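S.K.: query_27.tsv is reproduced below (TSV, C-alpha atoms and all ligand atoms).
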chain	number	residue	atom	x	y	z
A	1	MET	CA	-27.24	-45.49	27.85
A	2	ALA	CA	-28.77	-48.63	26.40
A	3	GLU	CA	-28.84	-50.19	29.87
A	4	ILE	CA	-30.48	-47.09	31.34
A	5	ASP	CA	-33.09	-47.05	28.57
A	6	ASP	CA	-33.87	-50.73	29.18
A	7	VAL	CA	-34.28	-50.26	32.91
A	8	LEU	CA	-36.49	-47.17	32.43
A	9	ALA	CA	-38.72	-49.00	29.95
A	10	ARG	CA	-39.08	-52.06	32.19
A	11	ALA	CA	-39.90	-49.99	35.27
A	12	ALA	CA	-42.36	-47.74	33.40
A	13	ASP	CA	-44.21	-50.92	32.38
A	14	GLY	CA	-44.51	-52.03	35.99
A	15	GLY	CA	-41.60	-54.46	35.89
A	16	ARG	CA	-39.31	-55.05	38.83
A	17	ILE	CA	-35.90	-53.40	38.90
A	18	GLU	CA	-33.05	-54.27	41.21
A	19	ALA	CA	-31.42	-51.96	43.74
A	20	ALA	CA	-28.27	-51.64	41.66
A	21	GLU	CA	-30.40	-50.61	38.68
A	22	ALA	CA	-32.25	-48.06	40.81
A	23	GLU	CA	-28.90	-46.63	41.91
A	24	LEU	CA	-27.81	-46.41	38.28
A	25	LEU	CA	-30.98	-44.46	37.43
A	26	TYR	CA	-30.57	-42.21	40.46
A	27	LEU	CA	-26.98	-41.32	39.61
A	28	GLU	CA	-26.88	-41.38	35.84
A	29	ALA	CA	-30.26	-41.36	34.08
A	30	PRO	CA	-30.87	-38.16	32.08
A	31	PHE	CA	-33.53	-36.10	33.85
A	32	HIS	CA	-36.23	-35.97	31.19
A	33	PRO	CA	-36.34	-39.71	30.36
A	34	LEU	CA	-36.30	-40.43	34.11
A	35	ALA	CA	-39.25	-38.10	34.67
A	36	GLU	CA	-41.18	-39.52	31.70
A	37	ALA	CA	-40.74	-43.09	32.92
A	38	ALA	CA	-41.80	-42.18	36.47
A	39	ASP	CA	-44.87	-40.32	35.19
A	40	ALA	CA	-45.80	-43.29	33.00
A	41	ALA	CA	-45.49	-45.59	36.02
A	42	ARG	CA	-47.70	-43.23	38.06
A	43	ARG	CA	-50.36	-43.14	35.38
A	44	ARG	CA	-50.32	-46.93	35.06
A	45	VAL	CA	-50.75	-47.40	38.83
A	46	ILE	CA	-53.14	-44.51	39.60
A	47	GLY	CA	-55.07	-44.50	36.31
A	48	ASP	CA	-55.76	-40.77	35.98
A	49	ASN	CA	-54.36	-37.31	36.70
A	50	ILE	CA	-55.89	-36.80	40.12
A	51	VAL	CA	-53.55	-35.67	42.90
A	52	THR	CA	-54.82	-36.14	46.42
A	53	TYR	CA	-54.40	-34.41	49.76
A	54	LEU	CA	-55.62	-35.07	53.28
A	55	ILE	CA	-56.97	-32.85	56.05
A	56	ASP	CA	-55.60	-33.95	59.38
A	57	ARG	CA	-54.22	-32.69	62.66
A	58	ASN	CA	-50.91	-33.52	64.23
A	59	ILE	CA	-51.33	-33.67	68.01
A	60	ASN	CA	-48.18	-33.96	70.10
A	61	TYR	CA	-49.05	-35.40	73.50
A	62	THR	CA	-45.60	-34.93	75.10
A	63	ASN	CA	-42.17	-33.59	74.19
A	64	VAL	CA	-40.46	-35.58	76.94
A	65	CYS	CA	-38.16	-38.17	75.42
A	66	VAL	CA	-35.33	-40.43	76.50
A	67	THR	CA	-34.04	-41.18	72.99
A	68	ALA	CA	-32.23	-37.90	72.20
A	69	CYS	CA	-32.02	-38.18	68.41
A	70	LYS	CA	-29.42	-35.74	67.12
A	71	PHE	CA	-31.64	-34.21	64.44
A	72	CYS	CA	-34.59	-33.57	66.78
A	73	ALA	CA	-35.35	-30.03	67.94
A	74	PHE	CA	-38.65	-31.08	69.49
A	75	TYR	CA	-37.75	-33.24	72.46
A	76	ARG	CA	-36.72	-32.34	76.02
A	77	ALA	CA	-35.04	-34.77	78.39
A	78	PRO	CA	-37.02	-35.96	81.45
A	79	LYS	CA	-37.05	-33.31	84.21
A	80	HIS	CA	-36.06	-30.55	81.75
A	81	GLU	CA	-37.91	-27.34	82.65
A	82	GLU	CA	-39.30	-27.04	79.13
A	83	GLY	CA	-40.73	-30.57	79.10
A	84	TRP	CA	-44.51	-30.85	78.91
A	85	SER	CA	-47.25	-33.46	78.56
A	86	HIS	CA	-50.85	-32.79	77.61
A	87	SER	CA	-53.68	-34.23	79.68
A	88	LEU	CA	-56.11	-36.64	78.07
A	89	ASP	CA	-58.79	-33.93	78.21
A	90	GLU	CA	-56.51	-31.56	76.29
A	91	VAL	CA	-55.80	-34.16	73.60
A	92	LEU	CA	-59.53	-34.79	73.27
A	93	ARG	CA	-60.24	-31.07	73.05
A	94	ARG	CA	-57.77	-30.80	70.17
A	95	CYS	CA	-59.36	-33.79	68.44
A	96	GLY	CA	-62.70	-32.00	68.73
A	97	GLU	CA	-61.25	-28.87	67.10
A	98	ALA	CA	-59.82	-30.99	64.31
A	99	VAL	CA	-63.22	-32.55	63.62
A	100	GLU	CA	-64.85	-29.10	63.63
A	101	LEU	CA	-62.35	-27.95	60.99
A	102	GLY	CA	-62.96	-30.88	58.68
A	103	ALA	CA	-60.10	-33.20	59.60
A	104	THR	CA	-60.66	-36.88	58.87
A	105	GLN	CA	-57.54	-38.09	60.67
A	106	VAL	CA	-55.39	-37.34	63.69
A	107	MET	CA	-51.71	-38.08	63.96
A	108	LEU	CA	-50.90	-38.51	67.65
A	109	GLN	CA	-47.15	-38.36	68.11
A	110	GLY	CA	-44.83	-37.71	70.97
A	111	GLY	CA	-41.53	-38.40	72.60
A	112	HIS	CA	-40.54	-41.62	74.31
A	113	HIS	CA	-41.78	-40.64	77.75
A	114	PRO	CA	-40.17	-42.86	80.40
A	115	GLU	CA	-43.54	-43.59	82.05
A	116	TYR	CA	-45.73	-44.17	79.01
A	117	GLY	CA	-46.35	-47.87	78.53
A	118	VAL	CA	-49.00	-49.76	76.59
A	119	ASP	CA	-51.72	-48.85	79.09
A	120	TYR	CA	-51.18	-45.12	78.45
A	121	TYR	CA	-51.78	-45.60	74.72
A	122	GLU	CA	-54.77	-47.90	75.31
A	123	GLU	CA	-56.41	-45.17	77.39
A	124	LEU	CA	-55.52	-42.49	74.83
A	125	PHE	CA	-56.80	-44.31	71.75
A	126	SER	CA	-59.94	-45.70	73.38
A	127	ALA	CA	-60.89	-42.22	74.65
A	128	VAL	CA	-60.47	-40.69	71.17
A	129	LYS	CA	-62.59	-43.45	69.62
A	130	ARG	CA	-65.22	-43.11	72.34
A	131	ASP	CA	-65.65	-39.37	71.74
A	132	TYR	CA	-64.93	-39.25	67.98
A	133	PRO	CA	-65.69	-42.68	66.50
A	134	ASP	CA	-65.36	-41.46	62.89
A	135	LEU	CA	-61.96	-39.83	63.38
A	136	VAL	CA	-59.20	-42.08	62.02
A	137	ILE	CA	-56.26	-42.58	64.37
A	138	HIS	CA	-53.23	-42.83	62.09
A	139	SER	CA	-50.53	-42.47	64.67
A	140	ILE	CA	-47.22	-43.37	66.29
A	141	GLY	CA	-44.53	-45.48	64.72
A	142	PRO	CA	-42.37	-48.51	65.42
A	143	SER	CA	-40.14	-46.49	67.76
A	144	GLU	CA	-43.04	-45.62	70.05
A	145	ILE	CA	-44.24	-49.21	69.91
A	146	ALA	CA	-40.79	-50.53	70.86
A	147	HIS	CA	-40.63	-48.01	73.70
A	148	MET	CA	-44.11	-48.73	75.14
A	149	ALA	CA	-43.48	-52.49	75.00
A	150	LYS	CA	-40.22	-52.02	76.89
A	151	VAL	CA	-41.84	-49.80	79.54
A	152	SER	CA	-44.65	-52.35	80.04
A	153	GLY	CA	-42.37	-55.39	79.84
A	154	VAL	CA	-44.41	-57.06	77.09
A	155	GLU	CA	-43.62	-58.41	73.62
A	156	ILE	CA	-44.09	-56.23	70.54
A	157	ASP	CA	-46.84	-58.54	69.32
A	158	GLU	CA	-48.87	-58.05	72.50
A	159	ALA	CA	-48.36	-54.28	72.48
A	160	ILE	CA	-49.60	-54.02	68.89
A	161	GLY	CA	-52.61	-56.26	69.54
A	162	ARG	CA	-53.63	-54.16	72.55
A	163	ILE	CA	-53.30	-50.72	70.92
A	164	LYS	CA	-55.15	-51.95	67.85
A	165	ALA	CA	-57.97	-53.25	70.06
A	166	ALA	CA	-58.03	-49.84	71.79
A	167	GLY	CA	-58.67	-48.02	68.51
A	168	LEU	CA	-55.47	-47.45	66.55
A	169	ASP	CA	-56.42	-47.60	62.85
A	170	SER	CA	-53.04	-47.48	61.13
A	171	ILE	CA	-49.41	-46.73	61.83
A	172	ALA	CA	-47.51	-43.65	60.73
A	173	GLY	CA	-44.13	-44.21	59.14
A	174	ALA	CA	-42.50	-42.06	61.78
A	175	GLY	CA	-38.99	-42.77	62.98
A	176	ALA	CA	-37.69	-44.38	59.78
A	177	GLU	CA	-35.21	-41.52	59.23
A	178	MET	CA	-32.52	-43.51	57.40
A	179	LEU	CA	-32.82	-47.26	57.85
A	180	PRO	CA	-29.31	-48.44	56.86
A	181	GLU	CA	-27.03	-48.98	59.84
A	182	ARG	CA	-24.33	-46.30	59.34
A	183	PRO	CA	-26.48	-43.18	58.84
A	184	ARG	CA	-29.05	-44.39	61.40
A	185	ARG	CA	-26.42	-44.77	64.12
A	186	ALA	CA	-25.10	-41.30	63.29
A	187	LEU	CA	-28.57	-39.75	63.54
A	188	ALA	CA	-30.23	-41.67	66.32
A	189	PRO	CA	-27.83	-43.92	68.22
A	190	LEU	CA	-30.40	-44.78	70.91
A	191	LYS	CA	-33.18	-45.68	68.49
A	192	GLU	CA	-33.92	-49.25	67.44
A	193	SER	CA	-32.05	-50.45	64.34
A	194	GLY	CA	-33.52	-50.09	60.87
A	195	GLU	CA	-34.00	-53.86	60.72
A	196	ARG	CA	-35.92	-53.73	64.00
A	197	TRP	CA	-38.04	-50.82	62.74
A	198	LEU	CA	-39.02	-52.95	59.76
A	199	GLU	CA	-39.68	-56.05	61.91
A	200	ILE	CA	-42.15	-54.05	64.01
A	201	MET	CA	-43.85	-52.78	60.85
A	202	GLU	CA	-44.09	-56.35	59.58
A	203	THR	CA	-45.64	-57.48	62.87
A	204	ALA	CA	-48.16	-54.63	62.67
A	205	HIS	CA	-49.04	-55.55	59.09
A	206	GLY	CA	-49.62	-59.10	60.33
A	207	HIS	CA	-52.20	-57.67	62.75
A	208	GLY	CA	-53.97	-55.96	59.86
A	209	LEU	CA	-52.58	-52.52	60.74
A	210	GLU	CA	-51.38	-50.93	57.52
A	211	SER	CA	-48.86	-48.11	57.51
A	212	THR	CA	-46.88	-45.62	55.51
A	213	ALA	CA	-43.12	-45.73	54.98
A	214	THR	CA	-40.99	-42.61	55.20
A	215	MET	CA	-37.44	-41.41	54.66
A	216	MET	CA	-35.61	-38.31	55.86
A	217	MET	CA	-32.91	-37.33	53.37
A	218	GLY	CA	-30.14	-34.81	53.64
A	219	THR	CA	-28.18	-35.55	56.80
A	220	GLY	CA	-25.01	-36.81	55.19
A	221	GLU	CA	-26.12	-40.19	53.82
A	222	THR	CA	-24.72	-41.43	50.51
A	223	ALA	CA	-26.67	-42.09	47.32
A	224	HIS	CA	-26.07	-45.82	47.87
A	225	GLU	CA	-27.57	-45.60	51.36
A	226	ARG	CA	-30.64	-43.80	50.01
A	227	ILE	CA	-31.29	-46.64	47.57
A	228	GLU	CA	-30.55	-49.21	50.26
A	229	HIS	CA	-33.28	-47.57	52.37
A	230	LEU	CA	-35.74	-48.17	49.51
A	231	ARG	CA	-34.59	-51.79	49.14
A	232	MET	CA	-35.12	-52.54	52.82
A	233	ILE	CA	-38.70	-51.24	52.65
A	234	ARG	CA	-39.49	-53.11	49.42
A	235	ASP	CA	-38.28	-56.41	50.88
A	236	VAL	CA	-40.91	-56.12	53.63
A	237	GLN	CA	-43.54	-54.97	51.15
A	238	ASP	CA	-42.86	-58.11	49.09
A	239	ARG	CA	-43.94	-60.16	52.12
A	240	THR	CA	-46.76	-58.06	53.62
A	241	GLY	CA	-48.17	-55.54	51.13
A	242	GLY	CA	-48.89	-53.39	54.19
A	243	PHE	CA	-47.25	-50.12	53.13
A	244	ARG	CA	-49.83	-47.82	51.57
A	245	SER	CA	-47.40	-45.16	50.48
A	246	PHE	CA	-43.82	-43.96	50.49
A	247	ILE	CA	-43.16	-40.46	51.80
A	248	PRO	CA	-39.64	-39.02	51.60
A	249	TRP	CA	-38.81	-35.53	52.83
A	250	THR	CA	-35.71	-33.44	53.29
A	251	TYR	CA	-34.14	-32.67	56.64
A	252	GLN	CA	-34.43	-29.03	57.68
A	253	PRO	CA	-31.55	-28.07	59.97
A	254	GLU	CA	-32.53	-25.80	62.80
A	255	ASN	CA	-31.83	-25.78	66.49
A	256	ASN	CA	-30.28	-29.20	66.94
A	257	HIS	CA	-27.00	-31.04	66.99
A	258	LEU	CA	-26.82	-31.60	63.23
A	259	LYS	CA	-27.12	-27.93	62.37
A	260	GLY	CA	-24.99	-27.08	59.38
A	261	ARG	CA	-25.00	-30.49	57.74
A	262	THR	CA	-25.62	-30.46	54.01
A	263	GLN	CA	-29.22	-30.83	53.01
A	264	ALA	CA	-30.37	-32.79	50.01
A	265	THR	CA	-30.77	-30.47	47.05
A	266	ALA	CA	-34.15	-30.07	45.36
A	267	MET	CA	-32.82	-31.97	42.36
A	268	GLU	CA	-31.63	-34.85	44.52
A	269	TYR	CA	-35.07	-34.95	46.12
A	270	LEU	CA	-36.88	-34.93	42.77
A	271	ARG	CA	-34.64	-37.66	41.34
A	272	LEU	CA	-35.19	-39.79	44.44
A	273	LEU	CA	-38.97	-39.43	44.03
A	274	ALA	CA	-38.78	-40.56	40.41
A	275	VAL	CA	-36.58	-43.53	41.26
A	276	ALA	CA	-38.88	-44.46	44.16
A	277	ARG	CA	-41.87	-44.50	41.80
A	278	LEU	CA	-39.98	-46.82	39.47
A	279	PHE	CA	-38.48	-49.03	42.19
A	280	PHE	CA	-41.66	-49.45	44.27
A	281	HIS	CA	-43.69	-51.40	41.73
A	282	ASN	CA	-45.57	-52.83	44.73
A	283	VAL	CA	-46.32	-49.61	46.70
A	284	THR	CA	-49.33	-47.79	45.28
A	285	HIS	CA	-48.90	-44.21	46.42
A	286	LEU	CA	-46.01	-41.76	46.42
A	287	GLN	CA	-46.18	-38.51	48.40
A	288	SER	CA	-43.96	-35.47	48.15
A	289	SER	CA	-43.46	-32.76	50.71
A	290	TRP	CA	-44.19	-29.33	49.27
A	291	LEU	CA	-43.88	-27.68	52.67
A	292	THR	CA	-40.23	-28.63	53.16
A	293	THR	CA	-38.97	-28.41	49.59
A	294	GLY	CA	-41.09	-25.50	48.35
A	295	LYS	CA	-43.99	-25.04	45.98
A	296	ALA	CA	-42.00	-25.21	42.75
A	297	ALA	CA	-40.41	-28.54	43.66
A	298	GLY	CA	-43.83	-29.73	44.88
A	299	GLN	CA	-45.41	-28.96	41.51
A	300	LEU	CA	-42.55	-30.51	39.59
A	301	SER	CA	-42.79	-33.65	41.72
A	302	LEU	CA	-46.29	-34.22	40.27
A	303	HIS	CA	-44.55	-34.90	36.94
A	304	LEU	CA	-42.05	-37.27	38.54
A	305	GLY	CA	-44.41	-40.00	39.71
A	306	VAL	CA	-46.04	-38.34	42.73
A	307	ASP	CA	-49.83	-38.72	43.17
A	308	ASP	CA	-50.30	-37.25	46.66
A	309	LEU	CA	-49.23	-34.02	48.36
A	310	GLY	CA	-49.93	-35.13	51.91
A	311	SER	CA	-51.82	-33.22	54.48
A	312	ILE	CA	-53.25	-29.81	55.02
A	313	MET	CA	-52.00	-29.99	58.56
A	314	LEU	CA	-54.07	-28.13	61.08
A	315	GLU	CA	-51.12	-26.81	62.99
A	316	GLU	CA	-50.98	-26.64	66.74
A	317	ASN	CA	-49.99	-23.01	66.98
A	318	VAL	CA	-52.48	-21.61	64.52
A	319	ILE	CA	-55.51	-23.61	65.50
A	320	SER	CA	-57.19	-20.76	67.39
A	321	SER	CA	-57.20	-18.66	64.24
A	322	ALA	CA	-57.46	-21.71	62.06
A	323	GLY	CA	-60.37	-20.67	59.88
A	324	ALA	CA	-58.56	-18.11	57.75
A	325	ARG	CA	-55.13	-19.69	57.79
A	326	ASN	CA	-56.21	-23.21	56.89
A	327	SER	CA	-58.72	-22.07	54.32
A	328	SER	CA	-56.04	-20.05	52.58
A	329	ARG	CA	-53.55	-22.95	52.75
A	330	LEU	CA	-56.11	-25.27	51.22
A	331	SER	CA	-56.82	-22.79	48.43
A	332	GLU	CA	-53.09	-22.51	47.85
A	333	LEU	CA	-52.66	-26.26	47.65
A	334	ILE	CA	-55.57	-26.67	45.25
A	335	GLU	CA	-54.21	-23.93	43.03
A	336	LEU	CA	-50.76	-25.48	43.18
A	337	ILE	CA	-52.15	-28.83	41.96
A	338	ARG	CA	-54.31	-27.23	39.25
A	339	THR	CA	-51.52	-25.10	37.84
A	340	ALA	CA	-49.35	-28.23	37.66
A	341	ASP	CA	-51.97	-29.63	35.24
A	342	ARG	CA	-53.45	-32.09	37.72
A	343	VAL	CA	-56.91	-32.48	39.27
A	344	PRO	CA	-57.03	-31.97	43.06
A	345	ALA	CA	-59.02	-34.26	45.35
A	346	GLN	CA	-59.38	-34.65	49.09
A	347	ARG	CA	-58.75	-38.21	50.26
A	348	ASN	CA	-59.13	-40.11	53.48
A	349	THR	CA	-56.48	-42.19	55.25
A	350	VAL	CA	-56.96	-45.21	52.97
A	351	TYR	CA	-56.70	-43.05	49.83
A	352	GLU	CA	-60.39	-43.08	48.96
A	353	ARG	CA	-61.25	-39.86	47.17
A	354	ILE	CA	-63.93	-38.11	49.17
A	355	ALA	CA	-64.18	-34.79	47.29
A	356	VAL	CA	-62.80	-34.28	43.79
A	357	HIS	CA	-62.34	-30.64	42.75
A	358	TRP	CA	-63.20	-31.50	39.19
A	359	ARG	CA	-64.14	-28.99	36.53
A	360	PRO	CA	-65.31	-30.04	33.07
A	361	GLU	CA	-62.49	-28.05	31.53
A	362	ASP	CA	-59.91	-30.19	33.34
A	363	ASP	CA	-60.25	-32.82	30.63
A	364	PRO	CA	-63.84	-33.32	29.48
A	365	THR	CA	-62.89	-36.19	27.17
A	366	ASP	CA	-61.18	-38.17	29.89
A	367	ASP	CA	-63.72	-40.67	31.17
A	368	ARG	CA	-61.40	-41.76	33.92
A	369	VAL	CA	-61.46	-38.26	35.37
A	370	ARG	CA	-65.16	-37.73	34.64
A	371	SER	CA	-66.10	-40.96	36.43
A	372	HIS	CA	-64.77	-39.57	39.68
A	373	VAL	CA	-67.54	-36.99	39.80
A	374	SER	CA	-69.60	-39.74	41.35
A	375	THR	CA	-67.14	-39.99	44.19
A	376	ILE	CA	-67.99	-36.50	45.46
A	377	VAL	CA	-69.82	-37.42	48.61
A	378	LYS	CA	-69.54	-34.27	50.66
A	379	GLU	CA	-68.58	-30.65	50.48
A	380	LEU	CA	-65.40	-29.58	52.13
A	381	GLN	CA	-66.00	-27.87	55.42
A	382	ILE	CA	-63.03	-25.65	54.72
A	383	SER	CA	-64.07	-24.28	51.37
A	384	PRO	CA	-61.51	-23.15	48.83
A	385	LYS	CA	-62.05	-19.60	47.64
A	401	LIG	S1	-37.57	-40.40	69.50
A	401	LIG	FE1	-38.74	-38.84	68.44
A	401	LIG	S2	-39.13	-37.21	69.97
A	401	LIG	FE2	-37.49	-38.53	70.76
A	401	LIG	S3	-35.63	-37.47	70.14
A	401	LIG	FE3	-36.06	-39.02	68.57
A	401	LIG	S4	-37.28	-37.92	67.00
A	401	LIG	FE4	-37.26	-36.65	68.87
Represent the supplied structure as structure tokens.
M.R.:
Amino acid sequence: MAEIDDVLARAADGGRIEAAEAELLYLEAPFHPLAEAADAARRRVIGDNIVTYLIDRNINYTNVCVTACKFCAFYRAPKHEEGWSHSLDEVLRRCGEAVELGATQVMLQGGHHPEYGVDYYEELFSAVKRDYPDLVIHSIGPSEIAHMAKVSGVEIDEAIGRIKAAGLDSIAGAGAEMLPERPRRALAPLKESGERWLEIMETAHGHGLESTATMMMGTGETAHERIEHLRMIRDVQDRTGGFRSFIPWTYQPENNHLKGRTQATAMEYLRLLAVARLFFHNVTHLQSSWLTTGKAAGQLSLHLGVDDLGSIMLEENVISSAGARNSSRLSELIELIRTADRVPAQRNTVYERIAVHWRPEDDPTDDRVRSHVSTIVKELQISPK
């Protein structure tokens, strides 16, 4: 216990802990001291009790993919009758809808289409920027970059330079799944290795393209492999500082080849979040996924080091009736944050707070909260009730 107490105290103060110490906390630290240390670390890094969210739209441009990851219910092999690709005009139309509904960011993601090289993405990103210059393109991941470079026969460095010049603002952490070799091979044998995924991220950071880092838990990986995933990301962060946030979520088995595998429990997820907050002394933001783990776990996560609840995603299949659905989801999220004793705020892609839902009764004596009133620069277009 003395060792656990020492590690918790050091990490809560912003000190660096080793992977073996993180694994010890993950497996053996009593829950309440672990949560207290993670919350102290959050408060030290973030400075107040604001919890942020983002309004964005996920636009899938194709479901055709040659990589056939075993956990993926989305993709269809080339020539499959259910394969589809959206035209550029259709992608632009969806971007326009997103802007109308108050989105500040689009996440363009798709399968590894056998014909989509760097030129396809240059055309896509430059068209979005031409029509919607203020819309942030936070999109694709190292897997798509590796694929487009291969299709075009160019180096990763050239591919990244060209898509950045075309308008890509930052890179999504997509495709990380599990980075250690054994679980990654089991999940996605045709995907690039975890080391390669990180190399591409490092190259992107070198081009000034920041990114997020993600993790998909619950497909049969061990506790040791979960912590190893964190270590691999932190090693790159030590060199680049390019990861803005860490975003773990739990695998949801449905309609794919891994159906039936054990998911991570809510408690495993919450403990991982707390350990991530303590281990990532050099990653500012930590996001939890309330949509996959449920509202109760989402609220609890805000007391385990989490400062961001991710996006109010304007979903593809509800966009035509988006007004009511998204307004009610936003109200729900704001209420969820408030009733967890935190102050909600909309952010943009780079975590600037663009609308703080502050009320004097939140904590009128807290100058750090009060000062953020001045950051309210616009009203939300999707108003909470
Ligand atoms: S690369 Fe992406 S779209 Fe293709 S199978 Fe894997 S997860 Fe699905």
S.K.: What residues of the protein or nucleic acid chains come within 10 Å of ligand LIG 401 (chain A) when you use only C-alpha atoms and all ligand atoms? Reply as a PDB file with C-alpha atoms, in the frame of the given file.
M.R.:
ATOM      1  CA  ASN A  60     -48.180 -33.960  70.100  1.00  0.00           C
ATOM      2  CA  THR A  62     -45.600 -34.930  75.100  1.00  0.00           C
ATOM      3  CA  ASN A  63     -42.170 -33.590  74.190  1.00  0.00           C
ATOM      4  CA  VAL A  64     -40.460 -35.580  76.940  1.00  0.00           C
ATOM      5  CA  CYS A  65     -38.160 -38.170  75.420  1.00  0.00           C
ATOM      6  CA  VAL A  66     -35.330 -40.430  76.500  1.00  0.00           C
ATOM      7  CA  THR A  67     -34.040 -41.180  72.990  1.00  0.00           C
ATOM      8  CA  ALA A  68     -32.230 -37.900  72.200  1.00  0.00           C
ATOM      9  CA  CYS A  69     -32.020 -38.180  68.410  1.00  0.00           C
ATOM     10  CA  LYS A  70     -29.420 -35.740  67.120  1.00  0.00           C
ATOM     11  CA  PHE A  71     -31.640 -34.210  64.440  1.00  0.00           C
ATOM     12  CA  CYS A  72     -34.590 -33.570  66.780  1.00  0.00           C
ATOM     13  CA  ALA A  73     -35.350 -30.030  67.940  1.00  0.00           C
ATOM     14  CA  PHE A  74     -38.650 -31.080  69.490  1.00  0.00           C
ATOM     15  CA  TYR A  75     -37.750 -33.240  72.460  1.00  0.00           C
ATOM     16  CA  ARG A  76     -36.720 -32.340  76.020  1.00  0.00           C
ATOM     17  CA  ALA A  77     -35.040 -34.770  78.390  1.00  0.00           C
ATOM     18  CA  GLN A 109     -47.150 -38.360  68.110  1.00  0.00           C
ATOM     19  CA  GLY A 110     -44.830 -37.710  70.970  1.00  0.00           C
ATOM     20  CA  GLY A 111     -41.530 -38.400  72.600  1.00  0.00           C
ATOM     21  CA  HIS A 112     -40.540 -41.620  74.310  1.00  0.00           C
ATOM     22  CA  HIS A 113     -41.780 -40.640  77.750  1.00  0.00           C
ATOM     23  CA  ILE A 140     -47.220 -43.370  66.290  1.00  0.00           C
ATOM     24  CA  GLY A 141     -44.530 -45.480  64.720  1.00  0.00           C
ATOM     25  CA  SER A 143     -40.140 -46.490  67.760  1.00  0.00           C
ATOM     26  CA  GLU A 144     -43.040 -45.620  70.050  1.00  0.00           C
ATOM     27  CA  HIS A 147     -40.630 -48.010  73.700  1.00  0.00           C
ATOM     28  CA  ALA A 174     -42.500 -42.060  61.780  1.00  0.00           C
ATOM     29  CA  GLY A 175     -38.990 -42.770  62.980  1.00  0.00           C
ATOM     30  CA  ALA A 176     -37.690 -44.380  59.780  1.00  0.00           C
ATOM     31  CA  GLU A 177     -35.210 -41.520  59.230  1.00  0.00           C
ATOM     32  CA  LEU A 187     -28.570 -39.750  63.540  1.00  0.00           C
ATOM     33  CA  ALA A 188     -30.230 -41.670  66.320  1.00  0.00           C
ATOM     34  CA  PRO A 189     -27.830 -43.920  68.220  1.00  0.00           C
ATOM     35  CA  LEU A 190     -30.400 -44.780  70.910  1.00  0.00           C
ATOM     36  CA  LYS A 191     -33.180 -45.680  68.490  1.00  0.00           C
ATOM     37  CA  GLU A 192     -33.920 -49.250  67.440  1.00  0.00           C
TER      38      GLU A 192
END
S.K.: Could you jot down the CA of Ile145 (chain A) to CA of Arg184 (chain A) separation for me, Å, one decimal place?
M.R.: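 Distance between the two atoms: 18.1 Å.
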S.K.: Interatomic distance between CA of Pro133 (chain A) and CA of Asp157 (chain A)?
M.R.: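 Distance between the two atoms: 24.8 Å.
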S.K.: Residues of region 202-249 of chain A that approach region 10-28 of chain A to 8 Å or less, counting only C-alpha atoms: could you list each one with the shortest pair of atoms and its distance in Å to one decimal, rows by chain and increasing residue number, as a Markdown table?
M.R.:
| residue | atom | partner | partner_atom | distance |
| --- | --- | --- | --- | --- |
| A:Ala223 | CA | A:Glu23 | CA | 7.4 |
| A:His224 | CA | A:Glu23 | CA | 6.6 |
| A:Ile227 | CA | A:Glu23 | CA | 6.1 |
| A:Glu228 | CA | A:Ala19 | CA | 7.1 |
| A:Arg231 | CA | A:Ala19 | CA | 6.3 |
S.K.: Could you make a table, as CSV, of the residues of region 73-124 of chain A that have an atom within 12 Å of an atom of region 40-53 of chain A, each with its nearest atom pair and distance in Å to one decimal, counting all atoms listed in the file, in chain and number order?
M.R.:
residue,atom,partner,partner_atom,distance
A:Ala103,CA,A:Tyr53,CA,11.4
A:Thr104,CA,A:Tyr53,CA,11.3
A:Gln105,CA,A:Tyr53,CA,11.9
S.K.: Using only C-alpha atoms, please write the residues we just selected to a file, as a CSV table (one decimal), in the coordinates of the input.
M.R.:
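Full text of result05.csv as output:
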chain,number,residue,atom,x,y,z
A,103,ALA,CA,-60.1,-33.2,59.6
A,104,THR,CA,-60.7,-36.9,58.9
A,105,GLN,CA,-57.5,-38.1,60.7
S.K.: Please list as a tab-separated table (two decimals) with C-alpha atoms, keeping the file's coordinate frame every residue within 12 Å of Leu300 (chain A), counting all atoms listed in the file and excluding residues in the same chain fewer than 3 positions away.
M.R.:
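Written file, around-v7.tsv:
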chain	number	residue	atom	x	y	z
A	32	HIS	CA	-36.23	-35.97	31.19
A	35	ALA	CA	-39.25	-38.10	34.67
A	39	ASP	CA	-44.87	-40.32	35.19
A	266	ALA	CA	-34.15	-30.07	45.36
A	267	MET	CA	-32.82	-31.97	42.36
A	269	TYR	CA	-35.07	-34.95	46.12
A	270	LEU	CA	-36.88	-34.93	42.77
A	271	ARG	CA	-34.64	-37.66	41.34
A	273	LEU	CA	-38.97	-39.43	44.03
A	274	ALA	CA	-38.78	-40.56	40.41
A	288	SER	CA	-43.96	-35.47	48.15
A	289	SER	CA	-43.46	-32.76	50.71
A	290	TRP	CA	-44.19	-29.33	49.27
A	293	THR	CA	-38.97	-28.41	49.59
A	294	GLY	CA	-41.09	-25.50	48.35
A	295	LYS	CA	-43.99	-25.04	45.98
A	296	ALA	CA	-42.00	-25.21	42.75
A	297	ALA	CA	-40.41	-28.54	43.66
A	303	HIS	CA	-44.55	-34.90	36.94
A	304	LEU	CA	-42.05	-37.27	38.54
A	305	GLY	CA	-44.41	-40.00	39.71
A	306	VAL	CA	-46.04	-38.34	42.73
A	307	ASP	CA	-49.83	-38.72	43.17
A	309	LEU	CA	-49.23	-34.02	48.36
A	336	LEU	CA	-50.76	-25.48	43.18
A	337	ILE	CA	-52.15	-28.83	41.96
A	339	THR	CA	-51.52	-25.10	37.84
A	340	ALA	CA	-49.35	-28.23	37.66
A	341	ASP	CA	-51.97	-29.63	35.24
A	342	ARG	CA	-53.45	-32.09	37.72
